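Data from upload_37.cif: mmCIF, C-alpha atoms
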```cif
data_my_file
loop_
_atom_site.label_atom_id
_atom_site.label_comp_id
_atom_site.auth_asym_id
_atom_site.auth_seq_id
_atom_site.Cartn_x
_atom_site.Cartn_y
_atom_site.Cartn_z
CA MET A 1 142.53 156.10 91.69
CA PHE A 2 140.22 153.07 91.55
CA LYS A 3 142.26 151.80 88.64
CA ARG A 4 145.44 152.02 90.69
CA ILE A 5 143.88 150.18 93.61
CA TYR A 6 142.55 147.60 91.18
CA PHE A 7 145.98 147.16 89.59
CA TRP A 8 147.60 146.92 93.01
CA ILE A 9 145.22 144.10 93.99
CA ASP A 10 145.51 142.46 90.57
CA GLU A 11 149.29 142.48 90.77
CA ARG A 12 149.09 140.38 93.92
CA LEU A 13 146.02 138.21 93.34
CA ASP A 14 145.91 138.01 89.56
CA ILE A 15 142.14 138.49 89.46
CA HIS A 16 141.86 140.41 86.21
CA ASP A 17 141.98 137.40 83.92
CA TYR A 18 139.57 135.55 86.13
CA ILE A 19 137.01 138.37 86.11
CA LYS A 20 137.45 138.78 82.37
CA LYS A 21 137.17 135.11 81.50
CA ASP A 22 134.77 133.74 84.11
CA VAL A 23 132.51 136.68 84.87
CA LEU A 24 132.25 139.23 82.08
CA ASP A 25 133.16 137.11 79.07
CA LYS A 26 131.86 133.80 80.36
CA PRO A 27 130.60 131.79 77.39
CA ILE A 28 127.00 130.57 77.65
CA PRO A 29 125.12 128.25 75.28
CA LYS A 30 123.38 129.66 72.21
CA GLY A 31 119.68 130.38 72.50
CA VAL A 32 119.63 131.34 76.18
CA ASN A 33 116.66 133.64 76.76
CA LEU A 34 115.24 135.91 79.44
CA SER A 35 113.60 133.03 81.33
CA TYR A 36 117.13 132.08 82.39
CA CYS A 37 117.23 135.23 84.52
CA PHE A 38 114.75 134.11 87.18
CA GLY A 39 117.41 132.43 89.29
CA GLY A 40 119.56 135.53 89.19
CA ILE A 41 116.58 137.75 89.98
CA THR A 42 115.80 135.53 92.96
CA PHE A 43 119.37 135.92 94.18
CA PHE A 44 119.17 139.68 93.71
CA LEU A 45 115.97 139.73 95.78
CA PHE A 46 117.73 137.61 98.40
CA LEU A 47 120.48 140.23 98.64
CA MET A 48 117.90 143.01 98.98
CA LEU A 49 116.09 141.06 101.69
CA ALA A 50 119.36 140.45 103.54
CA ALA A 51 120.36 144.12 103.38
CA THR A 52 116.97 145.51 104.45
CA GLY A 53 116.60 142.75 107.04
CA TYR A 54 119.95 143.49 108.66
CA PHE A 55 119.08 147.13 108.95
CA MET A 56 115.60 146.52 110.33
CA SER A 57 117.19 144.47 113.10
CA ILE A 58 118.61 147.77 114.37
CA TYR A 59 115.08 148.60 115.53
CA TYR A 60 113.11 145.39 115.89
CA VAL A 61 112.37 143.86 119.30
CA PRO A 62 110.98 140.30 119.34
CA SER A 63 108.71 140.83 122.32
CA PRO A 64 104.92 140.62 122.28
CA LEU A 65 104.79 143.80 124.36
CA GLN A 66 106.86 145.86 121.94
CA ALA A 67 106.94 144.17 118.52
CA TYR A 68 103.85 145.89 117.11
CA ASP A 69 104.81 149.33 118.42
CA VAL A 70 108.38 149.04 117.22
CA VAL A 71 107.34 147.95 113.73
CA ASP A 72 104.94 150.88 113.60
CA TYR A 73 107.71 153.18 114.79
CA MET A 74 110.35 151.95 112.35
CA THR A 75 107.91 152.17 109.48
CA TYR A 76 106.33 155.56 110.03
CA GLU A 77 108.70 157.53 112.24
CA VAL A 78 112.20 156.51 111.23
CA SER A 79 113.34 158.21 108.02
CA LEU A 80 112.83 155.99 104.97
CA GLY A 81 111.41 153.30 107.25
CA TYR A 82 108.43 152.70 104.95
CA VAL A 83 110.87 152.27 102.04
CA ILE A 84 113.13 149.79 103.81
CA ARG A 85 110.25 147.74 105.18
CA GLY A 86 108.38 148.08 101.90
CA VAL A 87 111.36 146.71 99.98
CA HIS A 88 111.59 143.81 102.43
CA HIS A 89 107.86 143.12 102.13
CA TRP A 90 107.70 143.27 98.33
CA ALA A 91 111.01 141.52 97.74
CA ALA A 92 109.76 138.67 99.94
CA ASN A 93 106.52 138.41 97.97
CA LEU A 94 108.31 138.65 94.62
CA MET A 95 110.87 136.10 95.68
CA VAL A 96 108.22 133.42 96.03
CA VAL A 97 107.07 134.25 92.50
CA THR A 98 110.56 134.26 90.95
CA VAL A 99 111.52 131.04 92.75
CA PHE A 100 108.47 129.40 91.19
CA LEU A 101 109.27 130.78 87.74
CA HIS A 102 112.87 129.63 88.11
CA MET A 103 111.71 126.15 89.08
CA ILE A 104 109.18 125.99 86.23
CA ARG A 105 111.88 126.98 83.74
CA VAL A 106 114.31 124.37 85.06
CA TYR A 107 111.53 121.78 84.93
CA ILE A 108 110.33 122.62 81.41
CA TYR A 109 113.86 122.73 79.99
CA GLY A 110 114.68 119.48 81.74
CA ALA A 111 117.70 121.15 83.29
CA TYR A 112 117.33 119.11 86.48
CA LYS A 113 118.34 115.89 84.68
CA ASN A 114 121.66 114.10 84.90
CA PRO A 115 124.25 115.45 85.69
CA ARG A 116 122.45 118.27 87.56
CA GLU A 117 120.29 116.30 90.00
CA ILE A 118 122.26 117.48 93.05
CA ASN A 119 121.65 121.07 92.04
CA TRP A 120 117.92 120.36 91.71
CA ILE A 121 117.94 118.88 95.22
CA THR A 122 119.68 121.93 96.72
CA GLY A 123 117.19 124.03 94.77
CA VAL A 124 114.23 122.23 96.30
CA LEU A 125 115.77 122.67 99.76
CA LEU A 126 116.25 126.37 99.03
CA PHE A 127 112.60 126.57 97.98
CA CYS A 128 111.62 125.09 101.35
CA LEU A 129 113.84 127.68 103.04
CA VAL A 130 112.10 130.49 101.16
CA MET A 131 108.77 129.16 102.45
CA ALA A 132 110.18 128.93 105.99
CA PHE A 133 111.47 132.50 105.74
CA GLY A 134 108.05 133.64 104.64
CA PHE A 135 106.27 131.77 107.40
CA THR A 136 108.54 132.92 110.23
CA GLY A 137 108.78 136.49 108.94
CA TYR A 138 105.02 136.82 108.69
CA LEU A 139 104.64 136.59 112.47
CA LEU A 140 107.17 139.28 113.34
CA PRO A 141 105.01 142.44 112.96
CA TRP A 142 102.77 140.86 115.63
CA ASP A 143 99.55 142.31 114.27
CA GLN A 144 96.20 140.52 114.00
CA LYS A 145 97.00 139.07 110.57
CA ALA A 146 100.38 137.79 111.74
CA TYR A 147 98.98 136.26 114.91
CA TRP A 148 96.05 134.44 113.34
CA ALA A 149 97.96 133.35 110.24
CA THR A 150 100.61 131.80 112.46
CA ARG A 151 97.97 130.24 114.67
CA VAL A 152 96.42 128.55 111.66
CA GLY A 153 99.80 127.66 110.15
CA THR A 154 101.17 126.09 113.30
CA SER A 155 97.88 124.29 113.97
CA MET A 156 98.38 122.41 110.71
CA MET A 157 101.49 120.93 112.26
CA GLY A 158 99.25 119.46 114.96
CA THR A 159 97.34 117.38 112.41
CA VAL A 160 100.40 115.30 111.52
CA PRO A 161 99.77 111.76 112.81
CA VAL A 162 101.54 110.58 115.98
CA VAL A 163 104.22 113.30 116.24
CA GLY A 164 101.97 116.24 115.34
CA GLU A 165 101.07 117.20 118.88
CA TYR A 166 104.73 117.30 119.93
CA ALA A 167 105.89 119.08 116.78
CA LEU A 168 103.22 121.75 117.34
CA LYS A 169 104.42 122.37 120.88
CA VAL A 170 108.06 122.57 119.81
CA LEU A 171 107.16 124.97 117.02
CA ARG A 172 105.22 127.24 119.38
CA GLY A 173 107.49 126.75 122.37
CA GLY A 174 104.50 125.48 124.34
CA SER A 175 100.83 124.99 123.73
CA LYS A 176 99.97 128.65 123.31
CA LEU A 177 101.14 131.08 120.68
CA GLY A 178 102.93 133.84 122.54
CA ALA A 179 106.24 135.36 123.59
CA LEU A 180 108.12 132.06 123.19
CA THR A 181 106.79 131.57 119.68
CA LEU A 182 107.71 135.09 118.64
CA VAL A 183 111.32 134.84 119.82
CA ARG A 184 111.92 131.44 118.26
CA PHE A 185 110.39 132.54 114.97
CA TYR A 186 112.60 135.62 115.09
CA ALA A 187 115.72 133.55 115.80
CA PHE A 188 114.90 131.22 112.92
CA HIS A 189 114.14 134.10 110.60
CA VAL A 190 117.31 136.08 111.23
CA ILE A 191 119.92 133.53 112.34
CA PHE A 192 119.24 129.87 111.57
CA LEU A 193 117.59 130.09 108.16
CA PRO A 194 120.00 132.68 106.66
CA ILE A 195 123.07 130.58 107.53
CA VAL A 196 121.63 127.41 106.00
CA THR A 197 120.47 129.40 102.97
CA VAL A 198 123.90 130.92 102.36
CA ILE A 199 125.57 127.50 102.57
CA LEU A 200 123.09 125.94 100.14
CA LEU A 201 123.33 128.93 97.80
CA MET A 202 127.10 128.56 97.65
CA GLY A 203 126.64 124.93 96.68
CA HIS A 204 123.96 125.88 94.15
CA PHE A 205 126.25 128.42 92.48
CA LEU A 206 129.49 126.44 92.61
CA MET A 207 127.77 123.47 90.99
CA ILE A 208 126.39 125.62 88.18
CA ARG A 209 129.86 127.07 87.66
CA ARG A 210 131.38 123.61 87.59
CA GLN A 211 128.78 122.10 85.28
CA GLY A 212 127.73 125.12 83.24
CA ILE A 213 124.09 125.89 82.55
CA SER A 214 122.24 123.28 80.55
CA LYS A 215 121.75 123.93 76.85
CA PRO A 216 118.35 125.24 75.81
CA LEU A 217 115.99 122.88 74.03
CA MET B 1 139.31 150.88 62.98
CA ASP B 2 138.62 154.48 63.84
CA LYS B 3 138.57 155.85 67.35
CA GLU B 4 134.79 155.67 67.87
CA SER B 5 134.48 151.96 67.28
CA ASP B 6 136.81 151.31 70.24
CA ILE B 7 133.61 150.89 72.18
CA ASN B 8 132.18 147.74 70.73
CA ARG B 9 129.07 145.91 71.83
CA ARG B 10 130.98 143.91 74.43
CA LYS B 11 132.58 146.96 76.01
CA PHE B 12 129.25 148.77 75.99
CA MET B 13 127.56 145.92 77.88
CA GLU B 14 130.45 145.81 80.34
CA ILE B 15 130.12 149.52 81.11
CA GLY B 16 126.34 149.11 81.30
CA ILE B 17 126.61 146.31 83.84
CA PHE B 18 128.93 148.32 86.08
CA ALA B 19 126.80 151.45 85.73
CA ILE B 20 123.57 149.65 86.68
CA THR B 21 125.03 147.65 89.59
CA GLY B 22 126.87 150.76 90.76
CA THR B 23 123.67 152.81 90.76
CA ILE B 24 121.69 150.14 92.59
CA ALA B 25 124.48 149.77 95.17
CA ALA B 26 124.80 153.53 95.69
CA VAL B 27 121.06 154.14 96.06
CA SER B 28 120.52 151.22 98.45
CA THR B 29 123.54 152.13 100.56
CA THR B 30 122.35 155.72 100.91
CA ALA B 31 118.83 154.68 101.84
CA LEU B 32 120.01 152.06 104.32
CA ALA B 33 122.48 154.46 105.90
CA ARG B 34 119.77 157.09 106.37
CA PHE B 35 117.51 154.45 107.92
CA ALA B 36 120.30 153.27 110.23
CA VAL B 37 121.05 156.80 111.43
CA GLY B 38 117.32 157.14 112.05
CA PRO B 39 116.42 159.52 114.85
CA SER B 40 120.00 159.76 116.23
CA PHE B 41 120.24 163.50 115.68
CA GLU B 42 116.70 164.42 116.66
CA LYS B 43 116.53 166.99 119.40
CA GLU B 44 114.84 166.19 122.66
CA GLN B 45 111.33 167.55 122.41
CA VAL B 46 110.71 170.41 124.81
CA LYS B 47 107.15 170.79 125.98
CA TRP B 48 105.41 173.75 127.52
CA ILE B 49 103.12 172.65 130.32
CA GLU B 50 100.23 174.84 131.34
CA VAL B 51 99.87 175.60 135.01
CA ASP B 52 96.48 176.26 136.58
CA PRO B 53 96.52 180.04 137.15
CA GLU B 54 94.36 179.54 140.28
CA ASP B 55 97.43 178.04 141.94
CA VAL B 56 99.61 181.02 141.16
CA GLN B 57 97.88 184.07 142.59
CA ASP B 58 98.89 187.69 142.50
CA GLU B 59 102.37 188.67 143.53
CA THR B 60 102.96 187.21 147.00
CA ASP B 61 105.74 185.44 148.82
CA HIS B 62 103.94 182.18 148.37
CA PHE B 63 105.28 179.43 146.14
CA ALA B 64 102.61 177.18 144.65
CA ARG B 65 103.43 173.51 144.51
CA VAL B 66 102.90 172.42 140.90
CA VAL B 67 103.09 168.85 139.67
CA LEU B 68 104.09 168.66 136.03
CA GLU B 69 102.86 165.54 134.33
CA TYR B 70 103.38 164.83 130.66
CA GLU B 71 103.94 162.05 128.17
CA THR B 72 107.47 161.33 127.01
CA LYS B 73 108.70 159.15 124.19
CA ASP B 74 111.79 156.99 124.27
CA GLY B 75 111.82 155.73 120.70
CA TRP B 76 108.63 153.68 120.53
CA VAL B 77 108.23 153.45 124.31
CA LEU B 78 105.71 155.84 125.78
CA ASP B 79 106.09 156.86 129.38
CA ASN B 80 104.70 159.41 131.79
CA THR B 81 107.08 161.86 133.34
CA ARG B 82 106.28 163.59 136.60
CA ALA B 83 108.20 166.43 138.09
CA LEU B 84 107.58 168.96 140.85
CA ALA B 85 108.15 172.69 140.61
CA TYR B 86 107.51 175.64 142.91
CA VAL B 87 105.92 178.51 141.04
CA LYS B 88 105.55 182.11 142.14
CA ARG B 89 104.22 185.17 140.36
CA ILE B 90 106.70 188.04 140.55
CA LYS B 91 105.04 190.46 138.14
CA GLU B 92 101.71 190.43 136.42
CA ASN B 93 103.18 188.79 133.36
CA GLU B 94 106.13 187.03 134.88
CA VAL B 95 106.45 183.94 137.03
CA ILE B 96 109.43 182.04 138.29
CA ALA B 97 109.47 178.27 138.55
CA ILE B 98 112.04 176.51 140.69
CA SER B 99 112.59 172.78 140.38
CA ALA B 100 111.95 170.91 143.62
CA VAL B 101 114.86 168.53 143.01
CA CYS B 102 117.68 169.06 145.48
CA THR B 103 121.00 169.46 143.62
CA HIS B 104 122.75 167.35 146.24
CA LEU B 105 121.23 163.87 145.82
CA GLY B 106 117.92 164.54 144.15
CA CYS B 107 115.49 164.49 147.06
CA ILE B 108 112.41 166.69 146.85
CA VAL B 109 112.78 169.96 148.76
CA THR B 110 109.92 171.51 150.71
CA TRP B 111 108.92 175.18 150.71
CA VAL B 112 108.89 176.46 154.27
CA GLU B 113 106.69 179.52 154.04
CA ASP B 114 107.35 181.20 157.40
CA GLN B 115 111.15 180.99 157.00
CA GLN B 116 111.02 181.71 153.24
CA ILE B 117 113.40 178.85 152.46
CA PHE B 118 113.47 175.58 150.58
CA GLN B 119 114.52 172.80 152.86
CA CYS B 120 115.69 169.35 151.84
CA PRO B 121 114.50 166.54 154.14
CA CYS B 122 117.45 164.26 153.37
CA HIS B 123 120.57 166.18 154.51
CA ASP B 124 119.09 169.49 155.58
CA GLY B 125 120.23 171.43 152.54
CA ARG B 126 118.70 174.91 152.59
CA TYR B 127 118.05 177.34 149.77
CA ASP B 128 116.62 180.84 149.84
CA ALA B 129 113.55 181.98 147.93
CA ASP B 130 115.63 182.38 144.76
CA GLY B 131 116.93 178.84 145.04
CA ILE B 132 120.44 179.95 146.13
CA VAL B 133 122.19 177.63 148.61
CA ILE B 134 122.24 179.00 152.15
CA SER B 135 123.62 176.03 154.02
CA GLY B 136 124.13 172.30 153.84
CA PRO B 137 125.65 170.00 151.22
CA PRO B 138 123.97 171.12 147.92
CA PRO B 139 126.68 172.10 145.39
CA ARG B 140 124.52 174.25 143.11
CA PRO B 141 121.41 176.41 143.29
CA LEU B 142 118.08 174.76 142.47
CA GLU B 143 117.33 174.41 138.74
CA ARG B 144 114.97 176.91 137.17
CA HIS B 145 112.34 176.11 134.60
CA LYS B 146 111.96 178.51 131.71
CA THR B 147 108.58 180.17 131.99
CA LYS B 148 106.35 182.32 129.88
CA VAL B 149 102.96 183.93 130.29
CA GLU B 150 100.80 184.08 127.18
CA ASP B 151 97.23 185.39 127.22
CA GLY B 152 97.08 184.82 130.97
CA LYS B 153 98.24 181.24 130.57
CA ILE B 154 101.26 180.25 132.61
CA LEU B 155 103.59 177.88 130.79
CA LEU B 156 106.59 175.97 132.15
CA SER B 157 109.28 174.43 129.97
CA THR B 158 110.24 170.79 130.48
CA GLU B 159 113.76 171.45 129.21
CA THR B 160 115.59 171.06 132.52
CA ILE B 161 113.70 167.95 133.60
CA PRO B 162 115.92 164.88 133.28
CA TYR B 163 114.59 161.84 131.41
CA GLY B 164 112.19 159.94 133.63
CA GLY B 165 111.49 162.95 135.82
CA ASN B 166 111.30 162.49 139.57
CA LYS B 167 109.80 159.17 140.52
CA SER B 168 109.30 160.27 144.13
CA VAL B 169 106.93 163.10 143.24
#
```
Translate this file's structure into structure tokens.
Amino acid sequence: MFKRIYFWIDERLDIHDYIKKDVLDKPIPKGVNLSYCFGGITFFLFLMLAATGYFMSIYYVPSPLQAYDVVDYMTYEVSLGYVIRGVHHWAANLMVVTVFLHMIRVYIYGAYKNPREINWITGVLLFCLVMAFGFTGYLLPWDQKAYWATRVGTSMMGTVPVVGEYALKVLRGGSKLGALTLVRFYAFHVIFLPIVTVILLMGHFLMIRRQGISKPL
Amino acid sequence: MDKESDINRRKFMEIGIFAITGTIAAVSTTALARFAVGPSFEKEQVKWIEVDPEDVQDETDHFARVVLEYETKDGWVLDNTRALAYVKRIKENEVIAISAVCTHLGCIVTWVEDQQIFQCPCHDGRYDADGIVISGPPPRPLERHKTKVEDGKILLSTETIPYGGNKSV
């Protein structure tokens, strides 16, 4: 059955050769080792975060009056809630680790050098996005830890010379950390950042396809 | 080449990749679907509220006015529901409880003891002591609460109370 559907599609789009040549039998340089997997693992974690995140948005309410209760509810009362949120939590933590390992590998192997500088730049931007995801997502459960961590984190913005005071207010949506901060962090976490990330990821992957991975040392 | 070596290393890896990705996809989809369905099929929780037996004396023609107050949950939102019922003991171990909500437009009916009727203040709907419509606009008899008497405790079911109860009680 699946074969027939596959053949039907292949007959029209001619994808079989492409999948064979460019996905399953794609040649890679000799000597590639497991440390080359960190980028892929990061992408896998990104997909897990996207999937669990989408589904958590079925329950979450970005309001200071309800956020804590709703997170508690979706974790402990909805079936498998602790699994879904747990996966999101741990994937987010692991992602920071794998992004670092990926970067260290690229740095040590000198893979960022000509002609792959543009890919390194998109990579650094993606790293910043991971940090931004972490920072905005941390506030959403609206518990003590989230509140005070965000208070400290946003306060740092205020120490920037000249523009700091204004940047702090824009970040918080006013001088105090409250309802406005929570909604804008939520919007960034689930709408703005994901779109930018997907665009940069596409660039990241297309460039690696075009250039091939750099040869090991 | 014999038949067994048709599966070479390359083919084995290919099958392995599809098997692993397929398993991950299937497990995550199932878990996410269960999470998304969430409490959709959970039944509304029915509570049994205890009524002060002092209010409901021995078998008489008197209906006691009983305010039912209990906590309700709408997902993660907690709320208090209030409803009014008229309770009367008909046997030693049996009580009836009639909802005070008029079936016409939802006003709260009053028990008029000397005429043995329930009267609605809004459009003069009248019901007899069993809650059956005597006159006026109400389309249906008054709702009944399920009741039970256990160890002398009088319990009323919240089953027929609509979500939010009666705000005017």
Expand the PyMOL selection byres ((chain A) within 6 of (chain B)) into the explicit residue set it covers here, and present it as a short mmCIF file (atom, residue, chain, number, x, y, z; two decimals) with C-alpha atoms, keeping the file's coordinate frame.
```cif
data_model
loop_
_atom_site.label_atom_id
_atom_site.label_comp_id
_atom_site.auth_asym_id
_atom_site.auth_seq_id
_atom_site.Cartn_x
_atom_site.Cartn_y
_atom_site.Cartn_z
CA VAL A 70 108.38 149.04 117.22
CA TYR A 73 107.71 153.18 114.79
CA VAL A 78 112.20 156.51 111.23
CA SER A 79 113.34 158.21 108.02
CA LEU A 80 112.83 155.99 104.97
#
```
I need the output of the PyMOL selection byres ((chain A and resi 33-40) around 6) for this file as a ChimeraX atom specification; which residues are they? /A:32,41-43,98,102
Selection result of the PyMOL selection byres ((chain A and resi 139) around 12) on this file, as JSON, numbers by chain: {"A": [62, 63, 64, 67, 68, 71, 132, 133, 134, 135, 136, 137, 138, 140, 141, 142, 143, 144, 145, 146, 147, 148, 149, 150, 151, 152, 153, 154, 172, 177, 178, 179, 181, 182, 183, 184, 185, 186, 187, 188, 189]}
What gap, in Å, lies between atom CA of Arg85 of chain A and atom CA of Val124 of chain A?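 If I compute the distance from atom CA of Arg85 of chain A to atom CA of Val124 of chain A, I get 27.3 Å.
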Atom CA of Ala111 of chain A to atom CA of Ser214 of chain A measures 5.7 Å
Using atom CA of Tyr109 of chain A and atom CA of Thr122 of chain A as the two end points, give the distance in Å to one decimal. 17.7 Å
Near Ala50 of chain A, counting all atoms listed in the file, which residues have an atom at most 9 Å away, once you skip same-chain residues fewer than 5 positions from it, shown as a list of chain:residue names? A:Leu45, A:Phe55, A:His88, A:Pro194
List the spatial neighbours of Val133 of chain B as number ranges by chain - criterion: any atom at most 12 Å away, all atoms listed in the file, same-chain residues fewer than 5 positions off excluded. B: 102-104, 117-120, 124-128, 138-143
Exercise: Leu84 of chain B partners within 10 Å, all atoms listed in the file, chain neighbours under 5 positions left out, as number ranges by chain: B: 65-69, 97-101, 108-109, 161, 165-166, 168-169
Extending 8 Å beyond the listed atoms of segment 99-117 of chain B on each side, what axis-aligned box results? I want centre and edge lengths in Å to one decimal, as lines of an AutoDock Vina configuration file.
```
center_x = 114.7
center_y = 172.8
center_z = 148.9
size_x = 32.1
size_y = 33.8
size_z = 33.0
```
Taking only C-alpha atoms into account, name the residue in B:Thr110, B:Glu50, B:Phe63, B:Ile134 that is nearest to Asp151 of chain B.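 The closest residue to Asp151 of chain B is B:Glu50.
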Counting all atoms listed in the file, what is within 10 Å of Lys169 of chain A, bar same-chain residues fewer than 5 positions away, as JSON, numbers by chain? {"A": [154, 155, 157, 158, 164, 174, 175, 176, 177, 181]}
